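Remarks on the structure that follows.
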Amino acid sequence: MHARTETPPRGGVGGLLEALEEARERTLALVEGLNDDDLDRVHSRLMSPLAWDLGHIAAFEDLWLCRAAGGLELLRPDLARVYDADETPRAERGSLAYLHASEVRDYMAAVRERSLTILDGFDGDGALVELVLRHEQQHNETMLQTLRLAGVVQKRAPSPVVASPGPDMVRVEAGAFTMGSGPDGFAYDNEHPRHVVDLPAFEIDRLPVTVADWIEFMDAEGAEEPLHWNGTAPESRLPVMHVSWDEAAAYARFRGKRLPTEAEWEKAASWDPATGASYRYPWGEAAPSPALANLDQTAFGPAPAGAYPDGASPCGALGMVGDQWEWTGSEFAPYPGFRAHPYREYSEVFFGRGYRVLRGGSWATRPRVVDNRFRNWDLPQRRQIFAGFRCAA
Ligand code: AVJ
Ligand code: FE
């Protein structure tokens, strides 16, 4: 395919070309078994039709790789509005003239042809290519949420062995830590600038709240069952998922606790009191692997709370990255000195609108798009995300 075997990628794109191809294989694999009607249909008012996600992935690539990084005109300027997430709320996407399943794969391939031409010998802005790659991978998780709402449930991988017991909560000492992403490497605008945050000491749950914990809450307080249970609770040791921020906050009050702030979460995940450093992952700087965290969409569900003892953070918290996102108590807001880059619609338009921050990624998150500093967000009533939580005190 193309000149990529004869001409190794040069400039700022080493490895990105292969990563784009791998991401596309995953995207297409997610929808492989579905018929056109399943792709074109609105499964939930909260989500886009899957065919819209596919077209939007390609339109984003055309916009940021072919046009912004490569200097080309858009391949299909007529589609720009249809795939502009900001102009078209999810609930209305079913009635847009988006490309349906029968045409959308051709559009994706046509954009990709252009991208490969641009990337051959590319010496432009590699960060834009990374943006495009991560955008596709983020939409993979959105698509998995849609598939779950559509009732497509893949068989879960067998659960790994659960770690040895430990205290319910672990302590994080008072002191300053560095929060956010530094200037090196790719990071979203909302993770910048890196800044020092001084926090009083606090305690945080060693493990995420489990299904068994949630059932106690339901029995004692009449709390609702999470989305997707349909009267049948998952295995009791699993982290509870598909609860809203509102419900998570109510659970924390029931236990006499609270949700951790975003800064507390990041400090508990990254800060090593022995060195004063903030690591990129709970276990340190090593890239995620299947022994360290449940990421990458292959398990089709979380592992029991306390699995992955090698993925512990310096304070001893387990499962902070992977398995399920974790709601924090914080509203999505800019860090001091924030500057929108490269486009306002990624983060800035969501600030100050009541969105709550989630951290840590889920089994449905591709490893490239999550670390201790990555900030996700959604509205406090939403339950479709693969999200649970842990408490602080
Ligand atoms: C970071 C997951 C909240 O899905 O709205 C996708 C990611 N931004 N396309 C979202 C995103 C533009 C974003 N989240
Ligand atoms: Fe998008």
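Ligands are numbered from 1 in the order shown, chains are lettered A, B, ... in the order of the structure tokens, and residues start at 1 in each chain.
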Closest pair table for chain A residues within 8 Å of ligand 1, only C-alpha atoms and all ligand atoms, as a Markdown table:
| residue | atom | partner | partner_atom_place_in_ligand_line | distance |
| --- | --- | --- | --- | --- |
| A:Ala85 | CA | ligand 1 | 12 (C) | 7.2 |
| A:His135 | CA | ligand 1 | 6 (C) | 5.7 |
| A:Glu136 | CA | ligand 1 | 6 (C) | 7.9 |
| A:Gln138 | CA | ligand 1 | 7 (C) | 5.9 |
| A:His139 | CA | ligand 1 | 6 (C) | 5.9 |
| A:Thr142 | CA | ligand 1 | 4 (O) | 6.5 |
| A:Glu345 | CA | ligand 1 | 12 (C) | 7.6 |
| A:Tyr346 | CA | ligand 1 | 8 (N) | 5.3 |
| A:Ser347 | CA | ligand 1 | 1 (C) | 7.8 |
| A:Arg375 | CA | ligand 1 | 1 (C) | 7.0 |
| A:Asn376 | CA | ligand 1 | 1 (C) | 4.8 |
| A:Trp377 | CA | ligand 1 | 3 (C) | 5.0 |
| A:Asp378 | CA | ligand 1 | 3 (C) | 6.3 |
Go ahead and dump the residues you just picked, C-alpha atoms, as a PDB file, in the first residue's frame.
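Output below, filename result_27.pdb:
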ATOM      1  CA  ALA A  85     -20.189  18.394  16.552  1.00  0.00           C
ATOM      2  CA  HIS A 135      -9.786  11.855  18.039  1.00  0.00           C
ATOM      3  CA  GLU A 136     -10.537   8.598  16.244  1.00  0.00           C
ATOM      4  CA  GLN A 138     -11.769   8.742  21.572  1.00  0.00           C
ATOM      5  CA  HIS A 139     -14.692   8.207  19.226  1.00  0.00           C
ATOM      6  CA  THR A 142     -18.183   6.818  22.243  1.00  0.00           C
ATOM      7  CA  GLU A 345     -14.363  23.574  20.474  1.00  0.00           C
ATOM      8  CA  TYR A 346     -12.261  20.855  22.096  1.00  0.00           C
ATOM      9  CA  SER A 347     -12.357  22.218  25.650  1.00  0.00           C
ATOM     10  CA  ARG A 375      -9.429  15.097  31.656  1.00  0.00           C
ATOM     11  CA  ASN A 376     -12.753  13.734  30.450  1.00  0.00           C
ATOM     12  CA  TRP A 377     -16.064  15.404  31.185  1.00  0.00           C
ATOM     13  CA  ASP A 378     -19.812  14.909  31.024  1.00  0.00           C
TER      14      ASP A 378
END
Neighbouring residues of region 152-159 of chain A were defined as those with any atom within 6 Å, considering only C-alpha atoms; residues of the same chain fewer than 5 positions away were excluded. Please report them as a PDB file with N, CA and C atoms, in the first residue's frame.
ATOM      1  N   LEU A 147     -23.007   1.255  21.259  1.00  0.00           N
ATOM      2  CA  LEU A 147     -23.261  -0.185  21.078  1.00  0.00           C
ATOM      3  C   LEU A 147     -23.876  -0.788  22.337  1.00  0.00           C
ATOM      4  N   ALA A 299     -11.243  -6.314  26.902  1.00  0.00           N
ATOM      5  CA  ALA A 299     -11.841  -7.097  27.992  1.00  0.00           C
ATOM      6  C   ALA A 299     -13.369  -7.015  27.985  1.00  0.00           C
ATOM      7  N   PHE A 300     -13.920  -5.998  27.345  1.00  0.00           N
ATOM      8  CA  PHE A 300     -15.372  -5.780  27.283  1.00  0.00           C
ATOM      9  C   PHE A 300     -16.011  -5.684  28.659  1.00  0.00           C
ATOM     10  N   GLY A 301     -15.281  -5.167  29.600  1.00  0.00           N
ATOM     11  CA  GLY A 301     -15.823  -4.902  30.922  1.00  0.00           C
ATOM     12  C   GLY A 301     -14.688  -4.694  31.892  1.00  0.00           C
ATOM     13  N   ALA A 303     -12.363  -5.323  35.340  1.00  0.00           N
ATOM     14  CA  ALA A 303     -11.913  -6.439  36.177  1.00  0.00           C
ATOM     15  C   ALA A 303     -12.384  -6.172  37.603  1.00  0.00           C
TER      16      ALA A 303
END
Closest contacts (chain A/ligand 2, max 12 Å, only C-alpha atoms and all ligand atoms) as CSV:
residue,atom,partner,partner_atom_place_in_ligand_line,distance
A:Met47,CA,ligand 2,1 (Fe),12.0
A:Ser48,CA,ligand 2,1 (Fe),10.7
A:Trp52,CA,ligand 2,1 (Fe),10.1
A:Asp53,CA,ligand 2,1 (Fe),7.6
A:Leu54,CA,ligand 2,1 (Fe),9.9
A:Gly55,CA,ligand 2,1 (Fe),10.1
A:His56,CA,ligand 2,1 (Fe),6.5
A:Ile57,CA,ligand 2,1 (Fe),6.7
A:Ala58,CA,ligand 2,1 (Fe),9.9
A:Ala59,CA,ligand 2,1 (Fe),9.3
A:Phe60,CA,ligand 2,1 (Fe),7.2
A:Glu61,CA,ligand 2,1 (Fe),10.1
A:Leu63,CA,ligand 2,1 (Fe),11.6
A:Trp64,CA,ligand 2,1 (Fe),11.8
A:Tyr83,CA,ligand 2,1 (Fe),8.4
A:Asp84,CA,ligand 2,1 (Fe),8.1
A:Ala85,CA,ligand 2,1 (Fe),6.4
A:Asp86,CA,ligand 2,1 (Fe),9.2
A:Glu87,CA,ligand 2,1 (Fe),11.9
A:Thr88,CA,ligand 2,1 (Fe),11.4
A:Pro89,CA,ligand 2,1 (Fe),11.7
A:Arg90,CA,ligand 2,1 (Fe),11.0
A:Leu131,CA,ligand 2,1 (Fe),10.6
A:Val132,CA,ligand 2,1 (Fe),9.5
A:Leu133,CA,ligand 2,1 (Fe),11.2
A:Arg134,CA,ligand 2,1 (Fe),9.8
A:His135,CA,ligand 2,1 (Fe),6.1
A:Glu136,CA,ligand 2,1 (Fe),7.6
A:Gln137,CA,ligand 2,1 (Fe),9.8
A:Gln138,CA,ligand 2,1 (Fe),7.8
A:His139,CA,ligand 2,1 (Fe),6.4
A:Asn140,CA,ligand 2,1 (Fe),10.2
A:Glu141,CA,ligand 2,1 (Fe),11.1
A:Thr142,CA,ligand 2,1 (Fe),9.3
A:Met143,CA,ligand 2,1 (Fe),11.1
A:Glu345,CA,ligand 2,1 (Fe),9.7
A:Tyr346,CA,ligand 2,1 (Fe),8.5
A:Ser347,CA,ligand 2,1 (Fe),11.6
Inset, instruction - With a distance cut-off of 9 Å and only C-alpha atoms, select the neighbouring residues of Glu225 (chain A), excluding the residue or stretch itself and same-chain residues fewer than 4 positions from it, and output the selection as a PyMOL selection string. - result: chain A and resi 214-215+218+229-231+233+243
Just-selected residues, all heavy atoms written as a short mmCIF file (atom, residue, chain, number, x, y, z; two decimals), in the first residue's frame:
data_model
loop_
_atom_site.label_atom_id
_atom_site.label_comp_id
_atom_site.auth_asym_id
_atom_site.auth_seq_id
_atom_site.Cartn_x
_atom_site.Cartn_y
_atom_site.Cartn_z
N TRP A 214 -22.62 -0.85 46.11
CA TRP A 214 -23.78 -0.12 45.56
C TRP A 214 -25.08 -0.78 45.98
O TRP A 214 -26.08 -0.10 46.26
CB TRP A 214 -23.68 -0.03 44.04
CG TRP A 214 -24.65 0.95 43.48
CD1 TRP A 214 -25.90 0.68 43.00
CD2 TRP A 214 -24.49 2.36 43.39
NE1 TRP A 214 -26.53 1.83 42.62
CE2 TRP A 214 -25.68 2.89 42.84
CE3 TRP A 214 -23.45 3.24 43.71
CZ2 TRP A 214 -25.86 4.25 42.61
CZ3 TRP A 214 -23.63 4.59 43.48
CH2 TRP A 214 -24.82 5.08 42.93
N ILE A 215 -25.09 -2.10 46.04
CA ILE A 215 -26.31 -2.81 46.46
C ILE A 215 -26.67 -2.43 47.91
O ILE A 215 -27.84 -2.25 48.24
CB ILE A 215 -26.14 -4.33 46.27
CG1 ILE A 215 -26.15 -4.64 44.76
CG2 ILE A 215 -27.23 -5.12 46.99
CD1 ILE A 215 -25.79 -6.08 44.40
N MET A 218 -28.41 0.82 47.62
CA MET A 218 -29.77 0.63 47.12
C MET A 218 -30.69 0.13 48.23
O MET A 218 -31.80 0.63 48.40
CB MET A 218 -29.77 -0.37 45.94
CG MET A 218 -29.18 0.19 44.66
SD MET A 218 -28.84 -1.07 43.40
CE MET A 218 -30.47 -1.77 43.15
N TRP A 229 -28.34 -2.61 34.20
CA TRP A 229 -28.50 -3.81 35.03
C TRP A 229 -29.75 -4.59 34.62
O TRP A 229 -29.74 -5.81 34.63
CB TRP A 229 -28.61 -3.44 36.52
CG TRP A 229 -27.30 -3.16 37.18
CD1 TRP A 229 -26.13 -2.82 36.57
CD2 TRP A 229 -27.03 -3.19 38.59
NE1 TRP A 229 -25.13 -2.62 37.51
CE2 TRP A 229 -25.66 -2.84 38.76
CE3 TRP A 229 -27.79 -3.45 39.73
CZ2 TRP A 229 -25.06 -2.78 40.02
CZ3 TRP A 229 -27.19 -3.37 40.99
CH2 TRP A 229 -25.84 -3.05 41.12
N ASN A 230 -30.80 -3.88 34.32
CA ASN A 230 -32.07 -4.54 33.95
C ASN A 230 -32.47 -5.62 34.94
O ASN A 230 -32.83 -6.73 34.57
CB ASN A 230 -31.98 -5.12 32.53
CG ASN A 230 -31.70 -4.03 31.51
OD1 ASN A 230 -32.25 -2.93 31.60
ND2 ASN A 230 -30.82 -4.32 30.56
N GLY A 231 -32.38 -5.26 36.21
CA GLY A 231 -32.83 -6.18 37.26
C GLY A 231 -31.81 -7.22 37.67
O GLY A 231 -32.04 -7.96 38.62
N ALA A 233 -27.85 -7.71 38.80
CA ALA A 233 -26.58 -7.06 39.14
C ALA A 233 -25.41 -7.84 38.56
O ALA A 233 -25.43 -9.07 38.54
CB ALA A 233 -26.44 -6.97 40.66
N VAL A 243 -23.24 4.76 36.68
CA VAL A 243 -23.96 5.60 37.63
C VAL A 243 -23.62 7.05 37.29
O VAL A 243 -22.55 7.34 36.75
CB VAL A 243 -23.58 5.29 39.10
CG1 VAL A 243 -24.01 3.88 39.46
CG2 VAL A 243 -22.09 5.47 39.36
#
Do you know which residues are at most 6 Å from Ala163 (chain A) counting only C-alpha atoms, after dropping those on the same chain fewer than 5 positions away, and could you put them as a tab-separated table (two decimals) with C-alpha atoms, in the first residue's frame?
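Writing done, so here's result-v6.tsv:
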chain	number	residue	atom	x	y	z
A	306	GLY	CA	-8.25	-4.70	43.35
A	307	ALA	CA	-6.97	-6.56	40.30
A	309	PRO	CA	-1.65	-4.93	42.01
Inset, instruction - Compare A:Gly319, A:Pro260, A:Pro334, A:Pro314 by their minimum atom-to-atom distance to Thr275 (chain A), counting only C-alpha atoms, and give me the closest one. - result: A:Pro314
Inset, instruction - Write out as a list in words each polymer residue whose atoms come within 8 Å of Asp205 (chain A), counting only C-alpha atoms; drop sequence neighbours fewer than 5 positions from it. - result: Asp168, Met169, Val170, Ala317, Arg390, Cys391 and Ala392 of chain A
Would you put the residues from that selection into a file with N, CA, C and O atoms, as an mmCIF file, in the first residue's frame?
data_model
loop_
_atom_site.group_PDB
_atom_site.id
_atom_site.type_symbol
_atom_site.label_atom_id
_atom_site.label_comp_id
_atom_site.auth_asym_id
_atom_site.auth_seq_id
_atom_site.Cartn_x
_atom_site.Cartn_y
_atom_site.Cartn_z
ATOM 1 N N ASP A 168 -9.291 0.082 53.660
ATOM 2 C CA ASP A 168 -10.334 0.650 52.806
ATOM 3 C C ASP A 168 -9.858 1.941 52.150
ATOM 4 O O ASP A 168 -10.190 2.219 51.008
ATOM 5 N N MET A 169 -9.131 2.734 52.934
ATOM 6 C CA MET A 169 -8.673 4.027 52.405
ATOM 7 C C MET A 169 -7.169 4.167 52.600
ATOM 8 O O MET A 169 -6.594 3.576 53.518
ATOM 9 N N VAL A 170 -6.557 4.943 51.706
ATOM 10 C CA VAL A 170 -5.129 5.236 51.838
ATOM 11 C C VAL A 170 -4.960 6.743 51.998
ATOM 12 O O VAL A 170 -5.802 7.525 51.563
ATOM 13 N N ALA A 317 -3.234 3.282 46.004
ATOM 14 C CA ALA A 317 -4.555 3.146 45.383
ATOM 15 C C ALA A 317 -4.444 2.250 44.153
ATOM 16 O O ALA A 317 -3.486 2.340 43.392
ATOM 17 N N ARG A 390 -14.585 6.512 43.098
ATOM 18 C CA ARG A 390 -14.144 6.164 44.450
ATOM 19 C C ARG A 390 -14.350 7.398 45.312
ATOM 20 O O ARG A 390 -14.491 8.501 44.797
ATOM 21 N N CYS A 391 -14.356 7.222 46.611
ATOM 22 C CA CYS A 391 -14.641 8.331 47.521
ATOM 23 C C CYS A 391 -13.368 8.849 48.187
ATOM 24 O O CYS A 391 -12.351 8.157 48.222
ATOM 25 N N ALA A 392 -13.471 10.041 48.725
ATOM 26 C CA ALA A 392 -12.390 10.635 49.508
ATOM 27 C C ALA A 392 -12.956 11.080 50.841
ATOM 28 O O ALA A 392 -14.167 11.130 51.037
#
Inset, instruction - Could you tell me which of A:Pro282, A:Gly126, A:Pro165, A:Gly222 comes closest to Asp371 (chain A) if we count only C-alpha atoms? - result: A:Pro282
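Neighbouring residues of Ala176 (chain A) at 7 Å or closer, counting only C-alpha atoms and skipping chain neighbours under 4 positions away, are Val196, Val197, Asp198 and Leu199 of chain A.
Between CA of Leu227 (chain A) and CA of Asp213 (chain A) the separation is 16.0 Å.
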Inset, instruction - From a DSSP pass on the backbone, collect the residues of region 118-221 of chain A flagged as helix (DSSP H, G or I) and hand them back as a PyMOL selection string. - result: chain A and resi 118-119+126-149+189-191+211-221
Legend entry - Pick from A:Tyr343, A:Trp245, A:Trp363, A:Phe389 nearest to Asn190 (chain A), counting only C-alpha atoms: A:Tyr343
Legend entry - Shell of 8 Å around Ser236 (chain A), only C-alpha atoms, local chain residues under 4 positions omitted, as a PyMOL selection string: chain A and resi 210-212
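From CA of Arg45 (chain A) back to CA of Arg26 (chain A), the distance works out to 24.9 Å.
Minimum distance to Gly337 (chain A) across A:Asp189, A:Glu266, A:Asp219, A:Glu130 (counting only C-alpha atoms) occurs at A:Asp189.
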Legend entry - Gap from CA of Glu264 (chain A) to CA of Ile204 (chain A) - Å, one decimal: 8.5 Å
Inset, instruction - From region 103-341 of chain A, collect each residue whose DSSP state is strand (DSSP E or B) and return the set as number ranges by chain. - result: A: 169-172, 175-179, 195-199, 202-205, 210, 239, 258, 271, 278, 281, 284, 325-331
